[in-house]
Amino acid sequence: MANLCEKLISDNIQASCENPIFAGLEQVAYIFNKSEVTSITYAIDETTQAENRFLLTGLSLKQGAKGYKIQNLGSEPFTGTTNDMETGTMANKFNHTFVFTNPDNGALAAATNTNIANGKFIVIYQNEYEGSDGTGKFEVCGAAKGAACTGQTQPKYGDAEGANTITLQETGSPYQSQYFQYQGNDEMTTVEYLDSLCE
């Protein structure tokens with residue numbers, strides 16, 4: 001009897017000679033309160049008609065809800081962001097970590113930081129490298145289980161210049177990575193679509 005949940009690879013594992021991989025993130029990301037995301041749409045496999053859970057294509061938000069932009073400046077924005085495998089008993093899972101700074105002080109910034117400390121989120125950030133298939137530009141943290149705050153630190157001296165550094169983590173995700181590529185019926189780009197969710 002075949003193992004119905006057996007995981008098999010179906011592609012070569014190799015570098016793209018025409019489009020070799022490189023590191024780096026863009027300076028703008030998007031964050032959504034997970035409780036305000038009512039549904040997520042996924043790409044559909046043309047052969048099997050199954051949802052491709054590795055590629056998100058749209059978000060629906062509660063009426064009146066919106067997303068928010070995060071801008072981090074410097075040559076290495078969102079440094080510390082990573083994906084890591086966690087060995088499990090039944091199956092291996094993945095932890096997705098997104099690190100950013102809130103480059104502000106004061107009552108409004110403190111309220112935002114406190115709410116982040118106690119909420120769950122979906123974050124979409126931008127890789128500089130788009131992948132050999134063109135789907136790797138916008139990476140998602142928190143779509144499966146939500147990303148929760150695991151740490152905040154605000155040293156008053158040093159390279160952070162007094163900013164609060166915040167770590168969000170989605171733990172135990174079944175996916176090594178998930179990506180976002182808008183595929184609506186209009187001609188909006190992914191950036192235009194994400195920007196529209198923040199208006």
# chains A, B, ... in the order shown; residues from 1 in each chain; ligands from 1
$ closest_atom_pairs --of "range 4-93 of chain A" --to "range 128-133 of chain A" --cutoff "10 Å" --atoms "only C-alpha atoms" --output "tab-separated table"
residue	atom	partner	partner_atom	distance
A:Ala15	CA	A:Ser132	CA	8.6
A:Ser16	CA	A:Ser132	CA	6.4
A:Cys17	CA	A:Ser132	CA	9.5
A:Glu18	CA	A:Ser132	CA	8.5
A:Asn19	CA	A:Ser132	CA	6.2
A:Pro20	CA	A:Ser132	CA	7.9
A:Ile21	CA	A:Tyr129	CA	6.4
A:Phe22	CA	A:Tyr129	CA	6.1
A:Ala23	CA	A:Tyr129	CA	6.9
A:Gly24	CA	A:Glu128	CA	5.4
A:Leu25	CA	A:Glu128	CA	5.2
A:Glu26	CA	A:Glu128	CA	6.0
A:Gln27	CA	A:Glu128	CA	9.8
$ select_by_dssp --residues "range 22-176 of chain A" --states "strand (DSSP E)" --output "CSV table (one decimal) with C-alpha atoms, in the first residue's frame"
chain,number,residue,atom,x,y,z
A,28,VAL,CA,9.8,48.1,2.7
A,29,ALA,CA,7.7,45.3,4.1
A,30,TYR,CA,3.9,45.0,4.8
A,31,ILE,CA,2.3,43.8,8.0
A,32,PHE,CA,-1.3,42.7,8.7
A,33,ASN,CA,-3.1,41.9,11.9
A,37,VAL,CA,-7.4,38.7,7.5
A,38,THR,CA,-10.6,36.8,6.6
A,39,SER,CA,-9.2,34.7,3.8
A,40,ILE,CA,-6.2,33.8,1.7
A,41,THR,CA,-6.2,32.7,-1.9
A,42,TYR,CA,-3.5,30.5,-3.3
A,43,ALA,CA,-2.3,29.7,-6.8
A,44,ILE,CA,-4.0,26.7,-8.4
A,51,GLU,CA,-4.1,24.8,-4.1
A,52,ASN,CA,-0.4,25.5,-4.1
A,53,ARG,CA,0.1,26.4,-0.5
A,54,PHE,CA,3.6,27.7,-1.2
A,55,LEU,CA,2.3,30.6,-3.4
A,56,LEU,CA,-0.3,33.1,-2.1
A,57,THR,CA,-2.1,35.3,-4.6
A,58,GLY,CA,-4.5,37.4,-2.6
A,59,LEU,CA,-5.7,38.5,0.9
A,60,SER,CA,-9.2,39.5,2.0
A,61,LEU,CA,-9.5,41.8,5.0
A,68,TYR,CA,0.6,48.8,7.3
A,69,LYS,CA,4.0,49.4,5.8
A,70,ILE,CA,7.3,48.9,7.6
A,71,GLN,CA,10.3,50.8,6.3
A,82,THR,CA,15.6,33.8,8.5
A,83,ASN,CA,13.9,30.5,8.0
A,84,ASP,CA,15.0,27.5,10.1
A,85,MET,CA,13.9,23.8,10.2
A,86,GLU,CA,12.8,22.3,13.5
A,93,LYS,CA,8.5,21.9,10.7
A,94,PHE,CA,9.9,25.4,10.1
A,95,ASN,CA,10.3,28.5,12.1
A,96,HIS,CA,10.1,31.8,10.1
A,97,THR,CA,11.7,34.8,11.8
A,98,PHE,CA,11.2,38.4,10.8
A,99,VAL,CA,13.3,41.1,12.4
A,100,PHE,CA,12.7,44.8,12.1
A,101,THR,CA,13.1,48.1,13.9
A,102,ASN,CA,10.6,50.7,14.9
A,120,LYS,CA,-0.3,37.9,15.8
A,121,PHE,CA,0.6,39.0,12.3
A,122,ILE,CA,1.2,38.2,8.7
A,123,VAL,CA,4.2,39.9,7.2
A,124,ILE,CA,5.1,40.1,3.5
A,125,TYR,CA,8.7,41.3,2.9
A,126,GLN,CA,10.7,41.7,-0.3
A,138,PHE,CA,7.7,38.6,-1.9
A,139,GLU,CA,8.1,36.2,1.0
A,140,VAL,CA,5.5,35.6,3.7
A,141,CYS,CA,5.9,35.1,7.4
A,147,ALA,CA,3.8,35.4,13.6
A,148,ALA,CA,4.0,36.4,17.2
A,149,CYS,CA,6.5,38.6,19.0
A,150,THR,CA,9.4,36.7,20.7
A,151,GLY,CA,11.5,39.7,21.7
A,152,GLN,CA,12.0,43.4,21.7
A,153,THR,CA,15.1,45.3,22.7
A,164,ASN,CA,13.3,49.3,19.2
A,165,THR,CA,14.3,46.1,17.5
A,166,ILE,CA,11.4,43.6,17.2
A,167,THR,CA,11.5,39.9,16.4
A,168,LEU,CA,8.4,38.2,15.1
A,169,GLN,CA,8.4,34.4,14.7
A,170,GLU,CA,6.0,31.9,13.2
A,171,THR,CA,6.8,28.5,14.7
A,172,GLY,CA,5.9,25.1,13.5
A,173,SER,CA,4.9,26.0,10.0
$ atom_distance --atom1 "CA of Gly106 in chain A" --atom2 "CA of Lys34 in chain A"
25.5 Å
$ select_by_dssp --residues "range 37-197 of chain A" --states "helix (DSSP H, G or I)" --output "short mmCIF file (atom, residue, chain, number, x, y, z; two decimals) with C-alpha atoms, in the first residue's frame"
data_model
loop_
_atom_site.label_atom_id
_atom_site.label_comp_id
_atom_site.auth_asym_id
_atom_site.auth_seq_id
_atom_site.Cartn_x
_atom_site.Cartn_y
_atom_site.Cartn_z
CA ALA A 107 3.82 57.42 23.27
CA LEU A 108 2.58 56.40 19.80
CA ALA A 109 5.63 54.23 19.14
CA ALA A 110 5.34 52.66 22.59
CA ALA A 111 1.67 51.81 21.98
CA THR A 112 2.54 50.22 18.64
CA ASN A 113 5.38 48.21 20.19
CA THR A 114 3.15 47.03 23.04
CA ASN A 115 0.42 45.91 20.64
CA ILE A 116 2.99 44.07 18.53
CA ALA A 117 4.22 42.33 21.68
CA THR A 190 2.03 42.95 -6.58
CA VAL A 191 3.41 46.17 -5.07
CA GLU A 192 0.38 48.16 -6.22
CA TYR A 193 -1.94 45.53 -4.78
CA LEU A 194 -0.17 45.45 -1.40
CA ASP A 195 -0.06 49.26 -1.33
CA SER A 196 -3.82 49.30 -1.94
CA LEU A 197 -4.37 47.11 1.12
#
$ closest_residue --among "A:Ala160, A:Cys198, A:Ala143, A:Met188" --to "Tyr175 in chain A" --atoms "only C-alpha atoms"
A:Ala143
$ atom_distance --atom1 "CA of Lys145 in chain A" --atom2 "CA of Pro103 in chain A"
27.1 Å
